[in-house]
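Peer 1: Contents are compact mmCIF, C-alpha atoms (C1' of nucleotides); file name my_file.txt:
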```txt
# COMPACT_ATOMS: atom_id res chain seq x y z
CA MET A 1 56.79 61.25 68.88
CA ARG A 2 60.40 62.02 69.39
CA SER A 3 62.71 61.56 66.41
CA MET A 4 65.54 59.17 67.02
CA GLY A 5 68.31 60.42 69.21
CA ALA A 6 66.61 63.70 70.04
CA LEU A 7 66.90 64.03 73.78
CA LEU A 8 65.16 66.62 75.87
CA ILE A 9 67.17 68.24 78.61
CA GLY A 10 65.64 65.94 81.19
CA ASP A 11 66.62 62.84 79.22
CA LEU A 12 70.11 64.17 78.85
CA ALA A 13 70.21 64.90 82.54
CA GLU A 14 69.19 61.37 83.33
CA ARG A 15 71.61 59.83 80.86
CA ALA A 16 74.57 61.84 82.07
CA ARG A 17 73.46 62.03 85.70
CA VAL A 18 73.70 65.77 85.84
CA PRO A 19 70.88 68.07 86.99
CA THR A 20 69.09 69.97 84.25
CA ALA A 21 69.92 73.25 85.93
CA THR A 22 73.58 72.36 85.70
CA ILE A 23 73.29 71.62 82.00
CA ARG A 24 71.73 75.03 81.38
CA TYR A 25 74.42 76.55 83.53
CA TYR A 26 77.12 74.88 81.46
CA GLU A 27 75.55 76.26 78.33
CA SER A 28 75.33 79.71 79.89
CA ILE A 29 79.04 79.80 80.59
CA GLY A 30 79.89 78.48 77.15
CA LEU A 31 81.04 75.09 78.34
CA LEU A 32 78.41 73.36 76.23
CA LYS A 33 77.55 74.94 72.93
CA ARG A 34 74.07 76.37 72.50
CA ALA A 35 71.64 73.55 71.99
CA SER A 36 69.42 73.50 68.95
CA ARG A 37 65.77 74.03 69.70
CA ALA A 38 62.54 72.34 68.81
CA SER A 39 59.70 74.55 67.61
CA SER A 40 58.50 74.60 71.18
CA GLY A 41 61.75 76.20 72.25
CA TYR A 42 62.83 73.04 74.06
CA ARG A 43 66.51 72.20 73.81
CA ARG A 44 67.30 69.13 71.73
CA TYR A 45 70.38 67.03 72.34
CA SER A 46 72.12 64.06 70.77
CA GLU A 47 74.17 61.25 72.20
CA GLN A 48 77.23 63.32 71.58
CA THR A 49 76.26 65.70 74.31
CA VAL A 50 75.88 62.81 76.70
CA GLU A 51 79.50 61.99 75.92
CA GLU A 52 80.57 65.56 76.41
CA LEU A 53 78.88 65.74 79.75
CA ARG A 54 80.48 62.50 80.83
CA PHE A 55 83.82 63.87 79.83
CA ILE A 56 83.21 67.04 81.76
CA LYS A 57 82.38 65.01 84.82
CA LYS A 58 85.49 62.92 84.40
CA ALA A 59 87.73 65.90 84.04
CA GLN A 60 86.07 67.58 86.97
CA ALA A 61 86.30 64.50 89.11
CA LEU A 62 89.99 64.63 88.46
CA GLY A 63 90.45 68.19 89.55
CA PHE A 64 90.15 70.18 86.34
CA SER A 65 88.33 73.46 86.67
CA LEU A 66 85.44 74.20 84.37
CA ASP A 67 87.57 76.82 82.70
CA GLU A 68 90.19 74.26 81.86
CA VAL A 69 87.60 71.80 80.63
CA ALA A 70 86.11 74.56 78.53
CA GLU A 71 89.46 75.30 77.00
CA ILE A 72 89.98 71.67 76.05
CA LEU A 73 86.48 71.41 74.63
CA GLN A 74 86.90 74.60 72.62
CA LEU A 75 90.07 73.26 71.10
CA SER A 76 88.51 69.91 70.40
CA ARG A 77 85.53 71.46 68.72
CA ALA A 78 87.64 73.82 66.70
CA GLY A 79 88.09 70.73 64.58
CA LYS A 80 91.31 71.34 62.75
CA LYS A 81 94.31 70.36 64.78
CA PRO A 82 93.85 71.46 68.31
CA CYS A 83 95.66 68.34 69.31
CA ALA A 84 99.01 69.99 69.73
CA GLN A 85 97.45 72.58 71.96
CA VAL A 86 95.49 69.99 73.87
CA LEU A 87 98.71 68.15 74.30
CA SER A 88 100.57 71.12 75.68
CA LEU A 89 97.65 71.96 77.92
CA GLY A 90 97.81 68.39 79.11
CA HIS A 91 101.49 68.61 79.88
CA GLU A 92 100.95 71.88 81.63
CA HIS A 93 98.26 70.34 83.71
CA LEU A 94 100.38 67.33 84.48
CA ALA A 95 103.03 69.62 85.93
CA ALA A 96 100.36 71.41 87.94
CA VAL A 97 99.02 68.14 89.27
CA ASP A 98 102.48 66.98 90.23
CA GLU A 99 103.03 70.22 92.08
CA ARG A 100 99.74 69.84 93.84
CA ILE A 101 100.55 66.31 94.87
CA ARG A 102 103.86 67.51 96.20
CA GLN A 103 102.14 70.17 98.28
CA LEU A 104 99.54 67.81 99.58
CA GLN A 105 102.19 65.33 100.54
CA ALA A 106 104.16 67.94 102.41
CA PHE A 107 100.99 68.81 104.23
CA ARG A 108 100.18 65.20 104.87
CA ASN A 109 103.58 64.56 106.40
CA GLN A 110 103.30 67.56 108.65
CA LEU A 111 99.92 66.50 109.84
CA ALA A 112 100.94 62.88 110.26
CA SER A 113 103.99 63.71 112.33
CA GLU A 114 102.02 66.09 114.51
CA LEU A 115 99.42 63.41 115.04
CA ALA A 116 102.07 60.86 115.89
CA LYS A 117 103.44 63.20 118.53
CA TRP A 118 99.96 63.82 119.85
CA ASP A 119 99.09 60.16 120.00
CA GLN A 120 102.10 59.46 122.16
CA GLN A 121 101.49 62.18 124.72
CA GLN A 122 97.85 61.31 124.89
CA ALA A 123 98.08 59.96 128.43
CA GLY A 124 98.55 62.93 130.69
CA VAL A 125 97.25 65.80 128.65
CA THR A 126 95.71 68.74 130.37
CA CYS A 127 94.21 71.29 128.07
CA ASP A 128 94.18 74.52 129.98
CA GLY A 129 94.06 77.51 127.73
CA LEU A 130 94.74 76.56 124.16
CA CYS A 131 94.96 73.03 122.94
CA GLN A 132 98.52 71.93 123.45
CA PHE A 133 98.53 69.77 120.39
CA ILE A 134 98.04 72.59 118.04
CA ALA A 135 99.87 75.16 120.08
CA ASP A 136 102.88 72.88 120.16
CA ALA A 137 102.83 72.20 116.46
CA GLU A 138 106.06 73.04 114.71
CA PRO A 139 106.09 76.62 113.54
CA SER A 140 106.83 75.39 110.05
CA VAL A 141 103.34 74.00 109.69
CA SER A 142 102.08 77.47 109.01
CA ASP A 143 104.30 77.58 105.96
CA VAL A 144 102.78 74.54 104.37
CA LYS A 145 99.55 75.55 102.90
CA PHE A 146 96.69 73.19 102.76
CA SER A 147 94.36 75.04 100.49
CA PRO A 148 92.57 73.56 97.53
CA GLU A 149 91.44 77.02 96.47
CA THR A 150 94.95 78.33 96.42
CA ALA A 151 96.09 75.41 94.36
CA ARG A 152 93.32 75.90 91.89
CA ARG A 153 93.96 79.60 91.54
CA ARG A 154 97.64 79.07 91.18
CA ALA A 155 96.93 76.58 88.44
CA ARG A 156 94.60 78.96 86.70
CA SER A 157 96.82 82.01 86.93
CA ARG A 158 99.49 80.26 84.90
CA MET B 1 102.44 106.61 125.16
CA ARG B 2 101.22 103.09 124.94
CA SER B 3 100.90 101.14 128.18
CA MET B 4 102.89 97.95 128.25
CA GLY B 5 101.58 95.16 126.12
CA ALA B 6 98.63 97.11 124.77
CA LEU B 7 98.71 96.47 121.05
CA LEU B 8 96.65 98.24 118.48
CA ILE B 9 95.11 96.14 115.77
CA GLY B 10 97.88 97.11 113.36
CA ASP B 11 100.55 95.95 115.80
CA LEU B 12 98.73 92.71 116.34
CA ALA B 13 98.42 92.29 112.61
CA GLU B 14 102.13 92.79 112.18
CA ARG B 15 103.02 90.49 115.06
CA ALA B 16 100.78 87.68 113.87
CA ARG B 17 101.16 88.41 110.17
CA VAL B 18 97.47 88.61 109.58
CA PRO B 19 95.72 91.56 107.89
CA THR B 20 93.77 93.86 110.19
CA ALA B 21 90.63 93.25 108.16
CA THR B 22 91.00 89.55 108.84
CA ILE B 23 91.33 90.15 112.57
CA ARG B 24 88.11 92.17 112.57
CA TYR B 25 86.52 89.47 110.51
CA TYR B 26 87.55 86.82 112.98
CA GLU B 27 86.04 88.87 115.78
CA SER B 28 82.86 89.34 113.76
CA ILE B 29 82.35 85.61 113.38
CA GLY B 30 83.10 84.98 117.03
CA LEU B 31 86.42 83.29 116.42
CA LEU B 32 88.23 85.90 118.48
CA LYS B 33 86.41 87.29 121.47
CA ARG B 34 85.45 90.94 121.37
CA ALA B 35 88.50 93.08 122.02
CA SER B 36 88.50 95.61 124.83
CA ARG B 37 88.56 99.20 123.69
CA ALA B 38 90.57 102.29 124.49
CA SER B 39 88.64 105.50 125.15
CA SER B 40 89.16 106.30 121.50
CA GLY B 41 87.27 103.20 120.54
CA TYR B 42 90.43 101.53 119.25
CA ARG B 43 90.73 97.82 119.95
CA ARG B 44 93.41 96.89 122.47
CA TYR B 45 95.14 93.54 122.42
CA SER B 46 97.61 91.66 124.51
CA GLU B 47 100.28 89.12 123.65
CA GLN B 48 97.74 86.44 124.32
CA THR B 49 95.84 87.38 121.21
CA VAL B 50 99.01 87.11 119.19
CA GLU B 51 99.23 83.56 120.43
CA GLU B 52 95.61 82.88 119.61
CA LEU B 53 96.06 84.16 116.09
CA ARG B 54 99.14 82.03 115.61
CA PHE B 55 97.17 79.13 116.95
CA ILE B 56 94.43 79.81 114.44
CA LYS B 57 96.88 79.97 111.56
CA LYS B 58 98.52 76.73 112.61
CA ALA B 59 95.21 74.97 112.96
CA GLN B 60 94.19 76.29 109.58
CA ALA B 61 97.45 75.15 108.09
CA LEU B 62 96.72 71.72 109.54
CA GLY B 63 93.49 71.61 107.61
CA PHE B 64 90.98 72.72 110.20
CA SER B 65 88.16 74.96 109.04
CA LEU B 66 87.45 78.16 110.91
CA ASP B 67 84.33 76.55 112.31
CA GLU B 68 86.39 73.72 113.68
CA VAL B 69 88.95 76.11 115.09
CA ALA B 70 86.13 78.09 116.66
CA GLU B 71 84.78 74.95 118.24
CA ILE B 72 88.16 74.09 119.66
CA LEU B 73 88.63 77.60 121.00
CA GLN B 74 85.17 77.59 122.58
CA LEU B 75 85.96 74.36 124.36
CA SER B 76 89.32 75.66 125.44
CA ARG B 77 87.81 78.79 126.87
CA ALA B 78 85.05 76.84 128.56
CA GLY B 79 87.80 75.10 130.50
CA LYS B 80 87.08 71.77 128.93
CA LYS B 81 89.52 69.54 127.17
CA PRO B 82 89.20 69.61 123.42
CA CYS B 83 92.30 67.56 122.90
CA ALA B 84 90.59 64.25 122.34
CA GLN B 85 88.33 65.88 119.83
CA VAL B 86 91.20 67.63 118.16
CA LEU B 87 92.93 64.32 117.91
CA SER B 88 90.03 62.58 116.23
CA LEU B 89 89.45 65.55 113.98
CA GLY B 90 93.09 65.43 113.03
CA HIS B 91 92.94 61.76 112.15
CA GLU B 92 89.87 62.41 110.09
CA HIS B 93 91.69 65.10 108.17
CA LEU B 94 94.65 62.85 107.64
CA ALA B 95 92.45 60.17 106.16
CA ALA B 96 90.79 62.72 103.90
CA VAL B 97 94.11 64.03 102.69
CA ASP B 98 95.46 60.55 102.05
CA GLU B 99 92.41 59.75 100.02
CA ARG B 100 92.81 62.90 97.98
CA ILE B 101 96.45 62.19 97.33
CA ARG B 102 95.54 58.70 96.23
CA GLN B 103 92.95 60.01 93.80
CA LEU B 104 95.23 62.67 92.46
CA GLN B 105 97.95 60.15 91.87
CA ALA B 106 95.59 57.86 90.05
CA PHE B 107 94.69 60.78 87.85
CA ARG B 108 98.29 61.80 87.37
CA ASN B 109 99.19 58.35 86.15
CA GLN B 110 96.27 58.23 83.83
CA LEU B 111 97.00 61.65 82.45
CA ALA B 112 100.65 60.80 82.05
CA SER B 113 99.89 57.62 80.14
CA GLU B 114 97.33 59.34 77.96
CA LEU B 115 99.88 61.99 77.19
CA ALA B 116 102.50 59.39 76.39
CA LYS B 117 100.12 57.77 73.95
CA TRP B 118 99.41 61.15 72.44
CA ASP B 119 103.02 62.08 72.13
CA GLN B 120 103.58 58.97 70.07
CA GLN B 121 100.66 59.33 67.71
CA GLN B 122 101.32 63.00 67.06
CA ALA B 123 101.38 62.64 63.27
CA GLY B 124 98.08 61.38 61.96
CA VAL B 125 95.63 62.38 64.63
CA THR B 126 92.38 63.81 63.44
CA CYS B 127 90.40 65.60 66.08
CA ASP B 128 86.92 65.34 64.71
CA GLY B 129 84.34 65.68 67.41
CA LEU B 130 85.89 65.12 70.77
CA CYS B 131 89.54 64.91 71.43
CA GLN B 132 90.89 61.42 71.80
CA PHE B 133 92.26 62.32 75.16
CA ILE B 134 88.72 62.89 76.22
CA ALA B 135 87.21 59.85 74.62
CA ASP B 136 89.89 57.44 75.73
CA ALA B 137 89.91 58.20 79.42
CA GLU B 138 88.93 55.21 81.47
CA PRO B 139 85.31 55.31 82.57
CA SER B 140 86.32 54.49 86.09
CA VAL B 141 87.60 57.98 86.60
CA SER B 142 84.17 59.50 86.95
CA ASP B 143 83.41 57.26 89.86
CA VAL B 144 86.14 58.66 92.01
CA LYS B 145 85.38 62.13 93.05
CA PHE B 146 88.15 64.56 93.50
CA SER B 147 86.46 67.48 95.08
CA PRO B 148 88.05 69.68 97.69
CA GLU B 149 84.65 71.13 98.49
CA THR B 150 83.24 67.73 99.12
CA ALA B 151 86.08 66.94 101.45
CA ARG B 152 85.56 70.13 103.31
CA ARG B 153 81.84 69.62 103.61
CA ARG B 154 82.36 66.08 104.70
CA ALA B 155 84.60 67.39 107.44
CA ARG B 156 82.13 70.10 108.38
CA SER B 157 79.04 67.98 108.45
CA ARG B 158 80.45 65.69 111.07
C1' DC C 1 96.26 123.65 112.62
C1' DT C 2 96.99 120.74 109.11
C1' DT C 3 98.80 116.55 107.35
C1' DG C 4 98.88 111.80 107.26
C1' DA C 5 98.91 107.43 109.38
C1' DC C 6 96.25 105.00 111.98
C1' DC C 7 91.68 103.54 113.68
C1' DT C 8 86.19 102.86 113.41
C1' DT C 9 81.72 100.78 111.13
C1' DC C 10 78.92 98.68 107.80
C1' DA C 11 78.16 96.99 103.19
C1' DA C 12 79.29 94.80 99.30
C1' DG C 13 82.33 92.10 96.30
C1' DC C 14 85.05 87.95 95.02
C1' DC C 15 86.07 83.09 93.74
C1' DG C 16 83.88 78.50 91.57
C1' DA C 17 80.24 75.73 90.69
C1' DC C 18 76.26 75.42 91.28
C1' DT C 19 71.24 75.57 93.28
C1' DT C 20 66.78 77.59 94.03
C1' DG C 21 62.81 80.16 93.01
C1' DA C 22 59.42 82.69 90.54
C1' DA C 23 56.59 83.20 86.68
C1' DG C 24 55.16 81.31 82.76
C1' DG C 25 54.94 78.20 78.15
C1' DT C 26 54.32 73.17 76.13
C1' DG C 27 52.65 68.68 75.36
C1' DT C 28 50.50 64.40 76.50
C1' DT C 29 46.83 61.98 78.69
C1' DC C 30 42.15 61.35 80.64
C1' DG D 1 39.63 71.15 78.94
C1' DA D 2 42.03 70.13 82.97
C1' DA D 3 45.72 68.01 85.20
C1' DC D 4 50.35 67.31 85.34
C1' DA D 5 54.99 66.70 84.05
C1' DC D 6 58.02 68.80 81.56
C1' DC D 7 60.16 72.81 79.49
C1' DT D 8 61.56 78.14 79.27
C1' DT D 9 64.09 82.56 81.25
C1' DC D 10 66.24 85.43 84.51
C1' DA D 11 67.60 86.68 89.11
C1' DA D 12 69.34 85.76 93.29
C1' DG D 13 71.17 82.72 96.91
C1' DT D 14 74.79 79.43 98.76
C1' DC D 15 79.33 78.05 100.71
C1' DG D 16 84.12 79.63 103.20
C1' DG D 17 87.27 82.93 103.98
C1' DC D 18 88.29 86.65 103.29
C1' DT D 19 89.06 91.54 100.73
C1' DT D 20 87.75 96.13 99.36
C1' DG D 21 85.49 100.45 99.69
C1' DA D 22 83.21 104.40 101.51
C1' DA D 23 82.66 107.63 105.02
C1' DG D 24 84.30 109.12 108.95
C1' DG D 25 86.90 109.51 113.93
C1' DT D 26 91.74 109.80 116.57
C1' DC D 27 96.22 111.20 117.38
C1' DA D 28 101.28 112.42 117.14
C1' DA D 29 104.46 115.21 114.50
C1' DG D 30 105.81 119.54 112.17
```
Reformat the file's structure so that it appears as structure tokens.
Peer 2:
Amino acid sequence: MRSMGALLIGDLAERARVPTATIRYYESIGLLKRASRASSGYRRYSEQTVEELRFIKKAQALGFSLDEVAEILQLSRAGKKPCAQVLSLGHEHLAAVDERIRQLQAFRNQLASELAKWDQQQAGVTCDGLCQFIADAEPSVSDVKFSPETARRRARSR
Amino acid sequence: MRSMGALLIGDLAERARVPTATIRYYESIGLLKRASRASSGYRRYSEQTVEELRFIKKAQALGFSLDEVAEILQLSRAGKKPCAQVLSLGHEHLAAVDERIRQLQAFRNQLASELAKWDQQQAGVTCDGLCQFIADAEPSVSDVKFSPETARRRARSR
DNA sequence: CTTGACCTTCAAGCCGACTTGAAGGTGTTC
DNA sequence: GAACACCTTCAAGTCGGCTTGAAGGTCAAG
């Protein structure tokens, strides 16, 4: 008989819709704090962890890296008044997100205008050698980087 | 004395602004065809390869994966006409990017409004347990997935 | 004839966020 | 007491797109 609110990892997984392996992984990288154990060695969780996992998923879904989420969670758990730091982290991230949106939009416009050009010419296209569409793309496209990884790393390196 | 137009890998790298290691890598994955060799074993390239590399960088900058670029190049070399495919691939990418921008903007707005709330309350906030910022986020966020990887895989799996 | 810049190959490492697998312990039910 | 689902740990694999390193060959200049 399970005492009230004591979830096994599988229950937690089901509640939060996250694979058990992922939960252990999160613990291993310090994202979740070490779970208390039953005498069997099984991890025991409370509803609070369900909430934490849901938060993690939210933050992730919105583009935060696990490192960033970890930072926020650390601060939150530190109890005292991490709020100021959370706040500044939030502002920092807002700036990063704005920058990322700006980049993506630049990329989008490039792509859209290339596509518009392509759509018009579509009639008499002969593709000998390289595809004309891409070959004819404005040289400036190469300057605009469409790279999620780059954006993430740039965000992290700040 | 170098015969006309015969570039060494370093020259090609400089011309196309791509590291030599990357050029070899591209050859290794079949993106570039195997270069002819001098008696020394050195790879020899022509201007055409400079063009191909520039093509690759453009396509990449337009959001195509190397696999997709490879596919396009294969078709081109086979004498077929990849343009229609490129076109549809391009539209697909555009849609994906638009979606991502939309999601990011939704997040930005949410983050901004959470931050605004936070900035106001600054005084009496007690961060017991989870940070308010965490707890207060709208549940709907977790439904929308912002995941560059997902987008890429979606593109690849088609 | 040596220096040093270039080239060669193959192997392994890196990033983030997991996933998978092997080998074994636990706990409930028939 | 056996079946079976669940739990444990640790190691290694995955993905894309490179980068880095080691160990060695080539070649023009001084």
Peer 1: So, counting all atoms listed in the file, which residue among C:DA23, C:DA17, C:DC1, C:DC30 is closest to chain A?
Peer 2: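 Smallest distance to chain A is found for C:DA17.
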Peer 1: Using all atoms listed in the file, which protein or nucleic acid residues come within 12 Å of DA11 (chain D)? Drop anything in the same chain fewer than 3 positions from it, and give the result as a ChimeraX atom specification.
Peer 2: /C:20-23
Peer 1: Mind listing as a PyMOL selection string which residues of chain A are within 10 Å of chain D, counting only C-alpha atoms (C1' of nucleotides)?
Peer 2: chain A and resi 8-10+40-43
Peer 1: Name the residues in contact with Leu111 (chain A) at a cut-off of 8 Å, using all atoms listed in the file, excluding same-chain residues fewer than 3 positions from it; report them as a list in words.
Peer 2: Phe107, Arg108, Glu114 and Leu115 of chain A; Leu62, Gly90 and Leu94 of chain B
Peer 1: Just need the residues of chain C within 12 Å of chain B, counting only C-alpha atoms (C1' of nucleotides), so spit them out as an MDAnalysis selection string.
Peer 2: chainID C and resid 5:10 16:18
Peer 1: Could you work out how far CA of Ser76 (chain A) lies from CA of Gln120 (chain B), giving the answer in Å with one decimal?
Peer 2: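 About the pair CA of Gln120 (chain B) and CA of Ser76 (chain A): they are 18.6 Å apart.
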Peer 1: Between A:Arg44, A:Arg34, A:Arg24, A:Arg17, which has the minimum distance to chain B (counting only C-alpha atoms)?
Peer 2: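 Among the listed residues, A:Arg17 lies closest to chain B.
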Peer 1: Please compute the CA of Ile101 (chain B)-CA of Val97 (chain A) distance, one decimal, in Å.
Peer 2: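 Spanning CA of Ile101 (chain B) to CA of Val97 (chain A) is a straight-line distance of 10.3 Å.
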Peer 1: From the set B:Ala70, B:Val18, B:Ala61, B:Leu32, which residue has the shortest atom-to-atom contact distance to chain A, counting all atoms listed in the file?
Peer 2: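 With all atoms listed in the file as the atom set, the closest residue is B:Ala61.
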Peer 1: Rounded to one decimal, what separation in Å do you get between CA of Leu66 (chain B) and CA of Gly30 (chain B)?
Peer 2: 10.1 Å
